[in-house]
file query32.cif (mmCIF, C-alpha atoms and all ligand atoms)
data_protein
#
loop_
_atom_site.label_atom_id
_atom_site.label_comp_id
_atom_site.auth_asym_id
_atom_site.auth_seq_id
_atom_site.Cartn_x
_atom_site.Cartn_y
_atom_site.Cartn_z
CA MET A 887 103.14 76.79 109.90
CA GLN A 888 106.77 76.44 110.90
CA ILE A 889 108.89 78.96 109.02
CA GLU A 890 111.28 76.35 107.62
CA CYS A 891 108.32 74.44 106.11
CA LEU A 892 107.36 77.54 104.12
CA LYS A 893 107.35 77.16 100.35
CA VAL A 894 107.70 80.01 97.90
CA ARG A 895 106.95 80.25 94.20
CA LEU A 896 109.52 82.34 92.36
CA TYR A 897 109.05 83.37 88.76
CA GLU A 898 112.61 84.56 88.18
CA VAL A 899 115.67 85.92 89.99
CA PHE A 900 118.01 88.10 87.98
CA THR A 901 120.34 91.08 88.11
CA SER A 902 119.56 94.11 85.98
CA ILE A 903 119.46 97.87 86.02
CA GLU A 904 116.65 99.47 88.01
CA GLY A 905 114.67 101.25 85.34
CA GLU A 906 111.86 102.73 87.39
CA GLY A 907 111.18 105.16 90.12
CA LEU A 908 113.52 106.93 92.49
CA LEU A 909 116.54 104.66 92.32
CA PHE A 910 116.72 104.16 88.55
CA GLY A 911 120.17 103.27 87.29
CA THR A 912 121.17 101.14 90.26
CA LYS A 913 122.43 97.58 89.90
CA THR A 914 119.63 95.54 91.38
CA LEU A 915 118.85 91.91 92.10
CA PHE A 916 115.20 91.35 91.22
CA VAL A 917 113.35 88.58 93.02
CA ARG A 918 110.16 88.23 91.03
CA LEU A 919 107.51 86.31 92.91
CA ALA A 920 104.76 84.39 91.20
CA GLY A 921 101.17 85.43 91.67
CA CYS A 922 99.05 88.52 91.53
CA PRO A 923 95.32 88.55 92.22
CA PHE A 924 94.75 91.24 89.57
CA LYS A 925 95.23 91.91 85.88
CA CYS A 926 95.97 95.52 84.96
CA PHE A 927 95.53 96.07 81.23
CA TYR A 928 99.05 97.52 80.96
CA CYS A 929 100.75 94.76 82.97
CA ASP A 930 104.19 93.97 81.52
CA THR A 931 104.77 90.83 83.60
CA THR A 932 101.64 88.87 82.72
CA GLY A 933 103.60 85.60 82.85
CA ALA A 934 104.02 86.06 86.60
CA ILE A 935 100.32 86.70 87.31
CA PRO A 936 99.15 83.07 87.79
CA MET A 937 99.70 81.79 91.31
CA ASN A 938 101.10 78.58 89.82
CA SER A 939 103.59 80.31 87.51
CA GLY A 940 107.33 79.98 88.10
CA GLN A 941 108.67 77.22 90.33
CA GLU A 942 108.16 76.23 93.90
CA TYR A 943 111.12 76.24 96.28
CA THR A 944 111.60 75.65 99.97
CA LEU A 945 112.57 78.76 101.87
CA GLU A 946 116.08 77.39 102.25
CA GLU A 947 116.40 76.76 98.50
CA ALA A 948 115.10 80.25 97.75
CA ARG A 949 117.59 81.84 100.15
CA LYS A 950 120.42 79.86 98.53
CA MET A 951 119.34 80.90 95.05
CA ILE A 952 119.24 84.55 96.10
CA GLU A 953 122.62 84.28 97.77
CA ASN A 954 124.17 82.63 94.70
CA SER A 955 122.64 85.26 92.41
CA LEU A 956 123.93 88.24 94.37
CA GLU A 957 126.59 89.98 92.28
CA LYS A 958 129.18 92.35 93.64
CA ASN A 959 128.17 96.00 93.97
CA THR A 960 124.47 95.16 94.10
CA TYR A 961 122.78 98.29 95.39
CA LYS A 962 119.54 96.69 96.55
CA VAL A 963 117.30 93.64 96.28
CA ASN A 964 113.82 94.25 94.86
CA PHE A 965 110.89 92.06 95.78
CA THR A 966 108.60 92.36 92.82
CA GLY A 967 106.05 90.29 90.98
CA GLY A 968 103.31 89.57 90.30
CA ASP A 969 102.58 91.19 93.59
CA PRO A 970 104.94 90.17 96.40
CA LEU A 971 102.17 90.57 98.96
CA ALA A 972 100.54 87.46 97.50
CA GLN A 973 103.35 85.54 99.31
CA SER A 974 103.95 87.98 102.15
CA GLU A 975 105.19 85.46 104.70
CA ALA A 976 107.91 84.15 102.39
CA VAL A 977 108.86 87.70 101.33
CA ALA A 978 109.31 88.68 104.98
CA GLU A 979 111.66 85.73 105.51
CA MET A 980 113.70 86.38 102.36
CA ALA A 981 113.95 90.10 103.08
CA LYS A 982 115.10 89.38 106.65
CA PHE A 983 117.84 87.20 105.15
CA ILE A 984 118.96 89.98 102.76
CA GLN A 985 119.02 92.58 105.52
CA LEU A 986 121.41 90.37 107.49
CA LYS A 987 123.80 90.78 104.55
CA LYS A 988 123.55 94.56 104.94
CA ILE A 989 121.97 95.03 101.52
CA PRO A 990 118.89 97.25 101.35
CA THR A 991 115.57 95.62 100.53
CA TYR A 992 112.93 97.17 98.31
CA LEU A 993 109.25 96.35 97.91
CA GLU A 994 107.26 97.04 94.75
CA SER A 995 103.61 96.44 95.45
CA SER A 996 100.14 97.71 94.82
CA CYS A 997 99.64 97.30 98.57
CA TYR A 998 96.23 95.73 98.15
CA ASP A 999 96.14 94.16 101.62
CA TRP A 1000 97.32 96.07 104.67
CA ALA A 1001 97.46 92.96 106.89
CA LYS A 1002 99.92 91.33 104.49
CA PHE A 1003 101.85 94.60 104.24
CA VAL A 1004 102.31 94.62 108.03
CA GLN A 1005 104.06 91.24 107.78
CA VAL A 1006 106.75 92.50 105.39
CA LEU A 1007 107.15 96.10 106.55
CA PRO A 1008 109.77 95.49 109.30
CA TYR A 1009 112.14 93.89 106.77
CA ILE A 1010 111.85 96.41 103.93
CA ASP A 1011 114.02 99.52 103.59
CA PHE A 1012 112.49 101.13 100.48
CA ILE A 1013 108.77 101.02 99.83
CA LYS A 1014 107.23 101.85 96.50
CA ILE A 1015 103.46 102.00 96.78
CA GLU A 1016 101.90 101.63 93.36
CA PHE A 1017 98.56 103.36 93.64
CA LYS A 1018 96.06 102.29 90.99
CA THR A 1019 93.64 104.54 89.20
CA PRO A 1020 90.21 103.12 88.28
CA ASP A 1021 91.15 103.00 84.58
CA SER A 1022 93.89 100.42 85.22
CA GLU A 1023 91.12 97.78 85.23
CA PHE A 1024 92.87 96.45 88.32
CA VAL A 1025 89.54 95.74 89.93
CA ASP A 1026 86.01 96.57 88.89
CA SER A 1027 84.50 99.83 90.09
CA LYS A 1028 82.58 98.00 92.85
CA HIS A 1029 85.84 96.86 94.46
CA TYR A 1030 87.96 99.95 93.77
CA SER A 1031 87.09 101.71 97.02
CA LYS A 1032 88.14 98.64 99.04
CA LEU A 1033 91.46 98.56 97.18
CA LEU A 1034 92.01 102.26 97.77
CA GLU A 1035 91.29 101.87 101.50
CA ASN A 1036 93.99 99.21 101.70
CA GLU A 1037 96.51 101.26 99.70
CA LEU A 1038 95.92 104.28 101.91
CA GLU A 1039 96.23 102.22 105.08
CA CYS A 1040 99.56 100.85 103.81
CA LEU A 1041 100.70 104.41 103.08
CA LYS A 1042 99.77 105.40 106.62
CA LEU A 1043 101.74 102.46 108.06
CA ALA A 1044 104.74 103.12 105.82
CA VAL A 1045 104.86 106.81 106.75
CA LYS A 1046 104.52 105.97 110.44
CA SER A 1047 107.38 103.48 110.16
CA LYS A 1048 109.61 106.26 108.77
CA LYS A 1049 110.87 103.92 106.04
CA VAL A 1050 111.85 105.49 102.73
CA THR A 1051 108.44 105.59 101.05
CA TYR A 1052 107.44 106.84 97.67
CA ILE A 1053 104.44 106.66 95.41
CA LYS A 1054 104.17 105.55 91.82
CA VAL A 1055 101.09 105.92 89.68
CA VAL A 1056 100.97 104.49 86.16
CA VAL A 1057 98.97 106.72 83.86
CA SER A 1058 97.72 105.84 80.40
CA ALA A 1059 95.71 107.52 77.69
CA LYS A 1060 92.63 106.20 79.52
CA THR A 1061 93.45 107.88 82.86
CA GLU A 1062 90.97 110.60 83.69
CA VAL A 1063 91.92 113.68 85.64
CA ASN A 1064 89.04 113.67 88.12
CA PRO A 1065 89.64 110.24 89.70
CA PHE A 1066 93.35 111.10 89.71
CA LYS A 1067 92.59 114.30 91.63
CA GLU A 1068 90.42 112.37 94.09
CA LEU A 1069 93.28 109.96 94.65
CA LEU A 1070 95.73 112.80 95.31
CA LYS A 1071 93.41 114.42 97.80
CA LYS A 1072 93.25 111.19 99.82
CA VAL A 1073 96.99 110.52 99.56
CA PHE A 1074 97.95 113.99 100.78
CA GLU A 1075 95.53 113.86 103.68
CA ILE A 1076 97.88 111.14 104.96
CA ALA A 1077 101.32 112.06 103.67
CA GLN A 1078 103.06 115.35 104.25
CA LYS A 1079 105.60 116.44 101.69
CA SER A 1080 108.36 115.70 104.20
CA SER A 1081 107.19 112.13 104.77
CA LEU A 1082 107.47 111.10 101.12
CA ALA A 1083 110.71 110.39 99.30
CA GLY A 1084 109.09 110.95 95.93
CA PHE A 1085 106.05 110.87 93.69
CA ILE A 1086 106.58 109.25 90.31
CA ILE A 1087 104.16 109.43 87.42
CA GLN A 1088 104.95 106.54 85.09
CA PRO A 1089 103.50 106.54 81.58
CA SER A 1090 102.21 103.15 80.39
CA TYR A 1091 104.53 101.64 77.80
CA GLY A 1092 103.52 100.11 74.47
CA ILE A 1093 99.80 100.25 75.21
CA ALA A 1094 97.44 103.25 75.48
CA GLU A 1095 100.43 105.53 75.93
CA PRO A 1096 99.46 108.96 77.29
CA SER A 1097 100.23 112.13 75.36
CA LEU A 1098 102.72 114.70 76.62
CA GLU A 1099 99.80 117.03 77.25
CA GLN A 1100 98.11 114.44 79.48
CA LEU A 1101 101.33 113.76 81.35
CA LEU A 1102 101.87 117.43 82.02
CA SER A 1103 98.34 117.83 83.33
CA PHE A 1104 98.89 114.97 85.81
CA TYR A 1105 102.20 116.54 86.76
CA ASP A 1106 100.48 119.84 87.50
CA GLU A 1107 97.87 118.13 89.66
CA VAL A 1108 100.54 116.46 91.80
CA HIS A 1109 102.69 119.59 91.85
CA ALA A 1110 99.93 121.44 93.71
CA TYR A 1111 100.67 119.14 96.68
CA TYR A 1112 104.20 117.98 96.03
CA ASN A 1113 106.58 120.01 93.91
CA GLU A 1114 109.22 117.25 93.67
CA VAL A 1115 106.98 115.17 91.40
CA ARG A 1116 108.71 113.45 88.45
CA ILE A 1117 107.51 111.84 85.23
CA VAL A 1118 109.76 108.82 84.73
CA PRO A 1119 109.20 106.22 82.00
CA GLN A 1120 110.49 102.67 82.40
CA LEU A 1121 114.07 103.37 81.39
CA HIS A 1122 115.22 99.73 81.23
CA LYS A 1123 112.89 99.19 78.25
CA PHE A 1124 115.01 101.56 76.17
CA ILE A 1125 118.04 99.31 76.43
CA GLY A 1126 116.09 96.08 76.19
CA ALA A 1127 116.90 95.08 79.78
CA PRO A 1128 114.40 92.89 81.66
S1 LIG B 1 99.29 94.62 89.98
FE1 LIG B 1 101.23 94.57 88.88
S2 LIG B 1 101.60 92.39 88.45
FE2 LIG B 1 99.45 92.59 89.04
S3 LIG B 1 98.40 92.78 87.08
FE3 LIG B 1 98.81 94.87 87.82
S4 LIG B 1 100.76 95.46 86.87
FE4 LIG B 1 100.55 93.21 86.67
#
call {"tool": "encode", "arguments": {"input": "query32.cif", "output": "structure tokens"}}
result
Amino acid sequence: MQIECLKVRLYEVFTSIEGEGLLFGTKTLFVRLAGCPFKCFYCDTTGAIPMNSGQEYTLEEARKMIENSLEKNTYKVNFTGGDPLAQSEAVAEMAKFIQLKKIPTYLESSCYDWAKFVQVLPYIDFIKIEFKTPDSEFVDSKHYSKLLENELECLKLAVKSKKVTYIKVVVSAKTEVNPFKELLKKVFEIAQKSSLAGFIIQPSYGIAEPSLEQLLSFYDEVHAYYNEVRIVPQLHKFIGAP
């Protein structure tokens, strides 16, 4: 398909305060894409899960909307969702457009498909890989290993690219330590401490919230590999920001 014939479904485009992860507190333009093939039980953007949510735009219209929404002093543009990889080709084109404006681009994804990840990687400056634990109900247990293989392959590619890469894992009261430990073992077979910009443990919010004791035990497990681990809740929720 010719690039200019590409269509993209956007759920919303808005400026807010980054409330998660490494760069919390920065003024950010969020480009929320429609569509995610999964349904985590703690998902806080369920409206954007259906592939037909939001509105369809031509690539040119989407670029214009992004350009018109860019406020002064914007630190970065986040491609989020849904899962942006569901529309990887369009994300690559929009991110390329943002980079030309010398504004950093940021991908938030569960990285469920390494082939789609390869399409966007050249145009992304900050990569947040959201590893899933089996309790997230992201996929059934039969398909979890396939998901993990893809996530790990994306981590490998991100590290090799030397882009700023960090990991986020949402933990809930349902998260068990053993699968979490298994996940860490696999992650740190690929990533050295020096190749990661951070490891964020994010407690689920408003549903099956983990106890402090649980959070600290996950912290200790990560700390054994990576002593710069942080537990960071979604800070934007505390001020009612989207
Ligand atoms: S991957 Fe993200 S957008 Fe998709 S269901 Fe899970 S939390 Fe929601």
call {"tool": "residues_around", "arguments": {"input": "query32.cif", "residues": "Gln1120 in chain A", "least_positions_apart": "5", "cutoff": "8 Å", "atoms": "all atoms listed in the file", "output": "mmCIF file with C-alpha atoms, in the frame of the given file"}}
result
data_model
loop_
_atom_site.group_PDB
_atom_site.id
_atom_site.type_symbol
_atom_site.label_atom_id
_atom_site.label_comp_id
_atom_site.auth_asym_id
_atom_site.auth_seq_id
_atom_site.Cartn_x
_atom_site.Cartn_y
_atom_site.Cartn_z
ATOM 1 C CA GLY A 905 114.670 101.250 85.340
ATOM 2 C CA GLU A 906 111.860 102.730 87.390
ATOM 3 C CA GLN A 1088 104.950 106.540 85.090
ATOM 4 C CA TYR A 1091 104.530 101.640 77.800
#
call {"tool": "axis_aligned_box", "arguments": {"input": "query32.cif", "around": "ligand LIG 1 (chain B)", "padding_each_side": "4 Å", "output": "lines of an AutoDock Vina configuration file"}}
result
center_x = 100.0
center_y = 93.9
center_z = 88.3
size_x = 11.2
size_y = 11.1
size_z = 11.3
call {"tool": "residues_near_ligand", "arguments": {"input": "query32.cif", "ligand": "ligand LIG 1 (chain B)", "cutoff": "10 Å", "atoms": "all atoms listed in the file", "output": "PyMOL selection string"}}
result
chain A and resi 918-936+966-970+972+994-998+1016-1018+1022-1025+1056
call {"tool": "write_last_selection", "arguments": {"input": "query32.cif", "atoms": "C-alpha atoms", "output": "compact mmCIF listing (two decimals), in the coordinates of the input"}}
result
# COMPACT_ATOMS: atom_id res chain seq x y z
CA ARG A 918 110.16 88.23 91.03
CA LEU A 919 107.51 86.31 92.91
CA ALA A 920 104.76 84.39 91.20
CA GLY A 921 101.17 85.43 91.67
CA CYS A 922 99.05 88.52 91.53
CA PRO A 923 95.32 88.55 92.22
CA PHE A 924 94.75 91.24 89.57
CA LYS A 925 95.23 91.91 85.88
CA CYS A 926 95.97 95.52 84.96
CA PHE A 927 95.53 96.07 81.23
CA TYR A 928 99.05 97.52 80.96
CA CYS A 929 100.75 94.76 82.97
CA ASP A 930 104.19 93.97 81.52
CA THR A 931 104.77 90.83 83.60
CA THR A 932 101.64 88.87 82.72
CA GLY A 933 103.60 85.60 82.85
CA ALA A 934 104.02 86.06 86.60
CA ILE A 935 100.32 86.70 87.31
CA PRO A 936 99.15 83.07 87.79
CA THR A 966 108.60 92.36 92.82
CA GLY A 967 106.05 90.29 90.98
CA GLY A 968 103.31 89.57 90.30
CA ASP A 969 102.58 91.19 93.59
CA PRO A 970 104.94 90.17 96.40
CA ALA A 972 100.54 87.46 97.50
CA GLU A 994 107.26 97.04 94.75
CA SER A 995 103.61 96.44 95.45
CA SER A 996 100.14 97.71 94.82
CA CYS A 997 99.64 97.30 98.57
CA TYR A 998 96.23 95.73 98.15
CA GLU A 1016 101.90 101.63 93.36
CA PHE A 1017 98.56 103.36 93.64
CA LYS A 1018 96.06 102.29 90.99
CA SER A 1022 93.89 100.42 85.22
CA GLU A 1023 91.12 97.78 85.23
CA PHE A 1024 92.87 96.45 88.32
CA VAL A 1025 89.54 95.74 89.93
CA VAL A 1056 100.97 104.49 86.16
call {"tool": "atom_distance", "arguments": {"input": "query32.cif", "atom1": "CA of Phe965 in chain A", "atom2": "CA of Gly1126 in chain A"}}
result
20.7 Å
call {"tool": "atom_distance", "arguments": {"input": "query32.cif", "atom1": "CA of Leu993 in chain A", "atom2": "CA of Val977 in chain A"}}
result
9.3 Å
call {"tool": "atom_distance", "arguments": {"input": "query32.cif", "atom1": "CA of Pro1089 in chain A", "atom2": "CA of Asp1021 in chain A"}}
result
13.2 Å
call {"tool": "residues_around", "arguments": {"input": "query32.cif", "residues": "range 1098-1107 of chain A", "least_positions_apart": "2", "cutoff": "12 Å", "atoms": "all atoms listed in the file", "output": "VMD selection string"}}
result
chain A and resid 1055 to 1071 1074 1085 to 1090 1094 to 1096 1109 to 1119
call {"tool": "closest_residue", "arguments": {"input": "query32.cif", "among": "A:Ser1047, A:Thr960, A:Thr991, A:Ser1027", "to": "Phe900 in chain A", "atoms": "all atoms listed in the file"}}
result
A:Thr960
call {"tool": "closest_residue", "arguments": {"input": "query32.cif", "among": "A:Lys1049, A:Lys962, A:Lys950, A:Lys893", "to": "Gln985 in chain A", "atoms": "only C-alpha atoms"}}
result
A:Lys962
call {"tool": "closest_residue", "arguments": {"input": "query32.cif", "among": "A:Lys1054, A:Lys982, A:Lys1028, A:Arg895", "to": "Leu908 in chain A", "atoms": "all atoms listed in the file"}}
result
A:Lys1054
call {"tool": "closest_residue", "arguments": {"input": "query32.cif", "among": "A:Cys1040, A:Leu909, A:Ile1015, A:Val894", "to": "Ser974 in chain A", "atoms": "only C-alpha atoms"}}
result
A:Val894
call {"tool": "residues_near_point", "arguments": {"input": "query32.cif", "point": "(102.1, 95.0, 104.3)", "cutoff": "10 Å", "atoms": "all atoms listed in the file", "output": "list of chain:residue names"}}
result
A:Pro970, A:Leu971, A:Ser974, A:Ala978, A:Leu993, A:Ser995, A:Cys997, A:Tyr998, A:Asp999, A:Trp1000, A:Ala1001, A:Lys1002, A:Phe1003, A:Val1004, A:Gln1005, A:Val1006, A:Leu1007, A:Pro1008, A:Ile1010, A:Asn1036, A:Glu1037, A:Glu1039, A:Cys1040, A:Leu1041, A:Leu1043, A:Ala1044
call {"tool": "closest_residue", "arguments": {"input": "query32.cif", "among": "A:Tyr897, A:Ser902, A:Lys988, A:Gly1092", "to": "Pro1128 in chain A", "atoms": "only C-alpha atoms"}}
result
A:Ser902
call {"tool": "residues_around", "arguments": {"input": "query32.cif", "residues": "Ile984 in chain A", "least_positions_apart": "3", "cutoff": "12 Å", "atoms": "all atoms listed in the file", "output": "PyMOL selection string"}}
result
chain A and resi 915+917+948-953+955-956+960-965+977-981+987-992+1009-1011
